[in-house]
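Undergrad: One structure is given below, represented as structure tokens, and several questions about it will come after.
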Amino acid sequence: MIEVRAPGKVVLLGEYAVLDGAPALVAAVDRGVRCVVEPGGAAVRIDAPDTRFVGPALDRADAPPGHYRFSAWNAPQTATKAGLGSSAAAVVAAVVAARAAAGQPHRPTQVWRDALAVHQQVQGGGSGIDIAASTFGGVTRFRSGHVTAERMGDLHDRLSVIWSGQSAATGPRVQTYLAWRDPARERFVAWSTAIVDNWRDDPIAAVADAARLLAEADARAGLGWWCDAYAPVLQLARARGGAAKPSGAGGGDILIALFPDRDRKASFEAACLAQGATPLGVALADGAHRVHNVDEGAP
């Protein structure tokens, strides 16, 4: 038996502008997709909640015959989908599992190319930032398909990921952004680039600046980025010397928050719970990989 785990993602900075070739920062987190393979038989058999992505991914990677079972890995305890990039994680898990079942070496760059092609074909586009996070893991800087690792030190101790309490569709918001024809879009991309480039100087200020920039773009383009559930989370973060912002296309799903130390992060998360927002307790994760010493009952 073969087991593969592929992480999900949270976008730290650079949403929307990444579609125009601007840089973004993304972190891989330990909420993703698991694929267990029982090799053998005469055909590829798939068990999955949704085969739209994993079927083409197994085809692309020339998966050998076997039973490929997909399930959530360490799924967040939320009422609906949280917005952590599960479709991208499923594609990456499928490609890695197929290659492992065929006895091929794990080559992240090849996985990246195959998974990106499938995800963009099925989804109808996208920057590929979620595929990059799931493939390479850790924190990466992503720009126009180029991925470089970022060393973020104690980021895990200071980063909080919060579920807003409602799910949101990414596709319509992306299409609205792409249809935005205004010189303000060029200024938005330039400012977003500057925020990402200056991230290391003051990460908390970068998060706050990005939140303000996205709010301005939303006001001009009508992205549907804001939802009322965000307001108390942003306020709670500011009150503790931190900053928060929605992660991804907005309209719901998740927010990230960053603090000077773990004590203020803990205080923030306790306050969020009291107000009905859910800390997800995620950890940074390695890229998609085969799990050895497989325990069939492992989560």
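To be explicit about the labels: the chains of the structure tokens are called A, B, and onward in the order shown, and within each one the residues are counted from 1, while ligands get numbers from 1 in the order they are shown.
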Please provide as a list in words all residues within 12 Å of A:Ala270, with the sequence filter that same-chain residues fewer than 6 positions apart are discarded (counting only C-alpha atoms).

TA: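 Within the cut-off, the hits are Ser160, Ile162, Val233, Leu236, Ala237, Arg240, Asp263, Arg264, Gly276, Ala277, Thr278, Pro279, Leu280 and Gly281 of chain A.
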
Undergrad: For A:Leu13, work out the shell of residues within 8 Å, counting only C-alpha atoms and skipping chain neighbours fewer than 6 positions away, then give it as a list in words.

TA: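 So the residues in contact are Ala24, Leu25, Val26, Ser192, Ile195, Val196, Val207, Ala210 and Ser247 of chain A.
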
Undergrad: Hey, what does DSSP flag as alpha helix (DSSP H) within stretch 161-203 of chain A? Can you give it to me as a list in words?

TA: Thr170, Gly171, Pro172, Arg173, Val174, Gln175, Thr176, Tyr177, Leu178, Pro183, Ala184, Arg185, Glu186, Arg187, Phe188, Val189, Ala190, Trp191, Ser192, Thr193, Ala194, Ile195, Val196, Asp197 and Pro203 of chain A

Undergrad: Pick the closest to A:Glu3 from A:Thr135, A:Thr51, A:Ser71, A:Gln166: which is it, counting only C-alpha atoms?

TA: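 Among the listed residues, A:Ser71 lies closest to A:Glu3.
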
Undergrad: Rank nothing, just name the residue among A:Ala206, A:Gly252, A:Ala283, A:Ala288 nearest to A:Ala90, using only C-alpha atoms.

TA: A:Ala288

Undergrad: Between A:Val139, A:Leu155, A:Leu12, A:Val36, single out the one closest to A:Asp286, counting only C-alpha atoms.

TA: A:Val139

Undergrad: Could you check how far atom CA of A:Val91 sits from atom CA of A:Arg52, in Å to one decimal?

TA: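 Separation of atom CA of A:Val91 and atom CA of A:Arg52: 9.6 Å.
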
Undergrad: Using atom CA of A:Phe136 and atom CA of A:Thr148 as the two end points, give the distance in Å to one decimal.

TA: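 Atom CA of A:Phe136 sits 9.3 Å away from atom CA of A:Thr148.
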
Undergrad: For stretch 98-109 of chain A, please output as a list in words all residues within 8 Å (counting only C-alpha atoms; exclusion window: fewer than 5 positions along the same chain).

TA: Ile2, Val37, Pro39, Leu58, Ala61, Asp62, Ala63, Pro64, Thr135, Phe136, His289 and Arg290 of chain A

Undergrad: Atoms to include: C-alpha atoms. Write the selected residues as an mmCIF file, in the first residue's frame.

TA:
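Output file result-v9.cif follows:
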data_model
loop_
_atom_site.group_PDB
_atom_site.id
_atom_site.type_symbol
_atom_site.label_atom_id
_atom_site.label_comp_id
_atom_site.auth_asym_id
_atom_site.auth_seq_id
_atom_site.Cartn_x
_atom_site.Cartn_y
_atom_site.Cartn_z
ATOM 1 C CA ILE A 2 1.128 3.537 -0.812
ATOM 2 C CA VAL A 37 -3.158 3.361 -3.332
ATOM 3 C CA PRO A 39 -1.633 -1.350 -6.601
ATOM 4 C CA LEU A 58 -4.154 10.292 -12.729
ATOM 5 C CA ALA A 61 0.587 11.004 -14.737
ATOM 6 C CA ASP A 62 -0.070 7.635 -16.447
ATOM 7 C CA ALA A 63 -1.214 6.017 -13.204
ATOM 8 C CA PRO A 64 -0.764 2.229 -13.249
ATOM 9 C CA THR A 135 3.933 20.761 -4.341
ATOM 10 C CA PHE A 136 6.860 22.538 -2.690
ATOM 11 C CA HIS A 289 5.194 13.434 -0.254
ATOM 12 C CA ARG A 290 4.834 9.726 0.173
#

Undergrad: To one decimal place in Å, what is the distance between atom CA of A:Gln110 and atom CA of A:Val96?

TA: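 So the two atoms, atom CA of A:Gln110 and atom CA of A:Val96, lie 9.6 Å apart.
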
Undergrad: Extract, using only C-alpha atoms, all DNA, RNA and protein residues at most 9 Å from A:Leu178, discarding same-chain residues fewer than 3 positions from it, and format them as a PDB file with N, CA and C atoms, in the first residue's frame.

TA:
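That gives us selection_31.pdb:
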ATOM      1  N   TYR A  16      -5.022  38.402  -6.055  1.00  0.00           N
ATOM      2  CA  TYR A  16      -5.497  39.100  -7.245  1.00  0.00           C
ATOM      3  C   TYR A  16      -4.347  39.624  -8.107  1.00  0.00           C
ATOM      4  N   LEU A  19      -2.448  37.413 -10.465  1.00  0.00           N
ATOM      5  CA  LEU A  19      -3.001  37.091 -11.779  1.00  0.00           C
ATOM      6  C   LEU A  19      -2.444  37.986 -12.874  1.00  0.00           C
ATOM      7  N   ASP A  20      -1.861  39.124 -12.468  1.00  0.00           N
ATOM      8  CA  ASP A  20      -1.234  40.049 -13.411  1.00  0.00           C
ATOM      9  C   ASP A  20       0.286  39.904 -13.417  1.00  0.00           C
ATOM     10  N   ARG A 173     -15.269  35.926  -8.335  1.00  0.00           N
ATOM     11  CA  ARG A 173     -14.487  37.090  -7.899  1.00  0.00           C
ATOM     12  C   ARG A 173     -13.254  37.270  -8.783  1.00  0.00           C
ATOM     13  N   VAL A 174     -12.636  36.179  -9.156  1.00  0.00           N
ATOM     14  CA  VAL A 174     -11.498  36.258 -10.072  1.00  0.00           C
ATOM     15  C   VAL A 174     -11.928  36.819 -11.412  1.00  0.00           C
ATOM     16  N   GLN A 175     -13.061  36.366 -11.920  1.00  0.00           N
ATOM     17  CA  GLN A 175     -13.538  36.860 -13.213  1.00  0.00           C
ATOM     18  C   GLN A 175     -13.875  38.352 -13.145  1.00  0.00           C
ATOM     19  N   ARG A 181     -11.335  47.085 -15.853  1.00  0.00           N
ATOM     20  CA  ARG A 181     -10.585  47.897 -16.811  1.00  0.00           C
ATOM     21  C   ARG A 181     -10.506  49.320 -16.276  1.00  0.00           C
TER      22      ARG A 181
END

Undergrad: Quick one: residues within 12 Å of A:Ala243, only C-alpha atoms counted, chain neighbours fewer than 3 positions away excluded, as a VMD selection string?

TA: chain A and resid 12 158 to 161 202 to 212 231 to 240 246 255 to 260 264 to 265 268

Undergrad: Point out the residue among A:Pro65, A:Gly128, A:Gly85, A:Gly250 with the least atom-to-atom distance to A:Ala97, counting only C-alpha atoms.

TA: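 So, comparing all the options, the nearest one is A:Pro65.
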
Undergrad: Quick check for you: according to DSSP on this backbone, which residues of stretch 31-146 of chain A are classed as strand (DSSP E or B)? Reply as a list of chain:residue names.

TA: A:Arg31, A:Gly32, A:Val33, A:Arg34, A:Cys35, A:Val36, A:Val37, A:Glu38, A:Pro39, A:Val44, A:Arg45, A:Ile46, A:Asp47, A:Gly66, A:His67, A:Tyr68, A:Arg69, A:Phe70, A:Ser71, A:Ala72, A:Trp73, A:Gly137, A:Val139, A:Thr140, A:Arg141, A:Phe142, A:Arg143, A:His146

Undergrad: Using only C-alpha atoms, pick whichever of A:Gly137, A:Gly66, A:Gly171, A:Gly125 has the shortest atom-to-atom distance to A:Gly41.

TA: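 Among the listed residues, the smallest separation from A:Gly41 belongs to A:Gly66.
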
Undergrad: So which one's closest to A:Phe142, A:Cys272, A:Ala88, A:Ile129, A:Ala215? Using only C-alpha atoms, please.

TA: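 When distances to A:Phe142 are compared using only C-alpha atoms, the smallest one comes from A:Ile129.
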